[in-house]
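Peer 1: Questions regarding the structure given below will be posed in turn.
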Amino acid sequence: MTKDVLVSISGLHSDMLGPVDENQSIEVITPATYYCKNGKHYVLYEEPVEGMSETIHNRIKITGDELLEISKSGASNAHMMFEKNKKNLTYYGTQFGQILIGVDTRKMEIDVTDENIDVKVDYQLDVNHEPLADCKIRMHITSKERGDFSLS
């Protein structure tokens, strides 16, 4: 895969406390920088924040097929780790203070080829040890040069 890539990230959050029809979905497609070092895949990209001039610097790190890390710095700060069948705790820093979040990974599939990286993660999100939402993340990373990028 080349250094210049496109990343599609889609997410679905199903609120465990509210009505089913209040699911929140998001999809972002953005240019990014890719590199592979010591068998680990890294993707770096900037995320604008609505209503703010500051951005969020994101780093995705993929280690094998059992560990995905998403690090955020800037307007928000977090280091979320997704490991198969494991719950990880971290602090999510916002402009209003820190929130303790738990990421309980239920299912994870990582497919890495020479041309693409595809990631699917299903997890439960906790806030201050209280279940908040069932979530899904889907990522598709491909070289800009390929020209076959499409919305799914």
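Letters A, B, ... go to the chains of the structure tokens in the order shown; residues in each chain start at 1; ligands are counted from 1 in the same order.
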Pick out the residues sitting within 12 Å of Pro131 in chain A, and hand them over as a list in words; count only C-alpha atoms, and ignore anything fewer than 4 positions along from it in its own chain.

Peer 2: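 Listing them by chain and then by number gives Ser14, Asp15, Met16, Leu17, Gly18, Leu100, Ile101, Gly102, Val103, Asp104, Tyr123, Gln124, Leu125, Asp126, Val127 and Cys135 of chain A.
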
Peer 1: So that I can see what lies close to Ser71 in chain A, please list as JSON, numbers by chain the residues with an atom at most 10 Å from it, counting only C-alpha atoms and leaving out residues fewer than 3 positions away in the same chain.

Peer 2: {"A": [44, 56, 57, 58, 59, 60, 61, 76, 77, 78, 79, 80, 81]}

Peer 1: So that I can check the surroundings of Lys107 in chain A, please list as a list in words every protein, DNA and RNA residue that reaches within 10 Å of it, counting only C-alpha atoms and ignoring chain neighbours fewer than 6 positions away.

Peer 2: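 Counting only the stated atoms, we get Glu66, Phe82, Glu83, Lys84, Asn85, Lys86, Lys120, Val121, Asp122, Tyr123 and Lys136 of chain A.
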
Peer 1: Hey, can you spit out that residue selection with N, CA, C and O atoms as a short mmCIF file (atom, residue, chain, number, x, y, z; two decimals), in the first residue's frame?

Peer 2:
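selection-v8.cif was written with the following content:
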```
data_model
loop_
_atom_site.label_atom_id
_atom_site.label_comp_id
_atom_site.auth_asym_id
_atom_site.auth_seq_id
_atom_site.Cartn_x
_atom_site.Cartn_y
_atom_site.Cartn_z
N GLU A 66 -5.65 -9.02 16.27
CA GLU A 66 -6.31 -9.01 17.57
C GLU A 66 -6.18 -7.71 18.35
O GLU A 66 -6.68 -7.61 19.46
N PHE A 82 -8.82 -1.75 21.39
CA PHE A 82 -9.80 -2.77 21.09
C PHE A 82 -9.06 -4.09 20.98
O PHE A 82 -8.23 -4.25 20.09
N GLU A 83 -9.33 -5.01 21.90
CA GLU A 83 -8.72 -6.34 21.89
C GLU A 83 -9.84 -7.36 21.95
O GLU A 83 -10.78 -7.20 22.73
N LYS A 84 -9.71 -8.41 21.15
CA LYS A 84 -10.74 -9.44 21.11
C LYS A 84 -11.07 -9.94 22.51
O LYS A 84 -10.17 -10.30 23.28
N ASN A 85 -12.36 -9.93 22.84
CA ASN A 85 -12.88 -10.48 24.09
C ASN A 85 -12.22 -9.89 25.34
O ASN A 85 -12.00 -10.58 26.32
N LYS A 86 -11.91 -8.60 25.29
CA LYS A 86 -11.27 -7.96 26.43
C LYS A 86 -11.85 -6.55 26.62
O LYS A 86 -12.20 -5.88 25.66
N LYS A 120 -13.49 -4.48 11.18
CA LYS A 120 -14.85 -4.49 11.72
C LYS A 120 -14.74 -4.77 13.22
O LYS A 120 -14.12 -5.76 13.62
N VAL A 121 -15.33 -3.88 14.03
CA VAL A 121 -15.28 -4.05 15.47
C VAL A 121 -16.68 -3.82 16.04
O VAL A 121 -17.33 -2.83 15.71
N ASP A 122 -17.13 -4.74 16.88
CA ASP A 122 -18.37 -4.58 17.65
C ASP A 122 -17.96 -4.52 19.11
O ASP A 122 -17.21 -5.39 19.58
N TYR A 123 -18.45 -3.51 19.83
CA TYR A 123 -18.05 -3.35 21.22
C TYR A 123 -19.14 -2.66 22.03
O TYR A 123 -20.05 -2.04 21.49
N LYS A 136 -20.54 -0.16 16.75
CA LYS A 136 -19.87 -0.84 15.65
C LYS A 136 -18.99 0.18 14.94
O LYS A 136 -19.39 1.32 14.76
#
```

Peer 1: Give me the residues near Ile141 in chain A as a CSV table (one decimal) with N, CA and C atoms, in the first residue's frame, where near means some atom within 6 Å (using only C-alpha atoms) and where sequence neighbours in that chain fewer than 6 positions away do not count.

Peer 2:
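Result file follows (part.csv):
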```
chain,number,residue,atom,x,y,z
A,6,LEU,N,-6.8,6.7,1.4
A,6,LEU,CA,-8.1,7.2,1.8
A,6,LEU,C,-8.7,6.3,2.9
A,7,VAL,N,-9.3,6.9,3.9
A,7,VAL,CA,-9.9,6.1,5.0
A,7,VAL,C,-11.4,6.4,5.0
A,116,ASN,N,-5.4,-3.2,0.5
A,116,ASN,CA,-6.5,-2.7,1.4
A,116,ASN,C,-6.3,-3.1,2.9
A,117,ILE,N,-6.9,-2.4,3.8
A,117,ILE,CA,-7.1,-2.9,5.2
A,117,ILE,C,-8.5,-2.7,5.5
```

Peer 1: Please provide the set of residues having any atom within 8 Å of range 23-27 of chain A, restricted to only C-alpha atoms, with same-chain residues fewer than 2 positions apart removed, written as a PyMOL selection string.

Peer 2: chain A and resi 8-15+20-21+29

Peer 1: Those selected residues, please, written with C-alpha atoms and delivered as a tab-separated table (two decimals), in the first residue's frame.

Peer 2:
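Output contents, as saved in selection12.tsv:
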```
chain	number	residue	atom	x	y	z
A	8	SER	CA	-13.57	5.43	5.33
A	9	ILE	CA	-14.71	5.10	8.93
A	10	SER	CA	-18.33	4.40	9.75
A	11	GLY	CA	-19.76	3.95	13.18
A	12	LEU	CA	-23.09	3.07	14.76
A	13	HIS	CA	-23.94	3.68	18.41
A	14	SER	CA	-27.10	2.09	19.79
A	15	ASP	CA	-28.04	3.80	23.05
A	20	VAL	CA	-34.02	1.82	19.57
A	21	ASP	CA	-34.86	4.49	16.99
A	29	ILE	CA	-14.02	9.69	4.44
```

Peer 1: May I ask which of the residues A:Ile110, A:Val49, A:Ala32, A:Leu68 is the closest one to Asn88 in chain A, counting only C-alpha atoms?

Peer 2: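 Residue with the minimum atom-to-atom distance to Asn88 in chain A: A:Leu68.
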
Peer 1: Could you find all residues in range 4-50 of chain A that DSSP calls strand (DSSP E or B) from the backbone, and write them as JSON, numbers by chain?

Peer 2: {"A": [4, 5, 6, 7, 8, 9, 10, 11, 12, 13, 14, 15, 24, 25, 26, 27, 28, 29, 30, 31, 32, 33, 34, 35, 36, 37, 40, 41, 42, 43, 44, 45, 46, 47, 48]}

Peer 1: Using only C-alpha atoms, which residue out of A:Ile70, A:Ala75, A:Ile99, A:Val112 lies closest to Cys36 in chain A?

Peer 2: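 With only C-alpha atoms as the atom set, the closest residue is A:Val112.
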
Peer 1: Which value, in Å to one decimal, gives the distance between CA of Leu89 in chain A and CA of Glu50 in chain A?

Peer 2: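 Separation between CA of Leu89 in chain A and CA of Glu50 in chain A: 26.7 Å.
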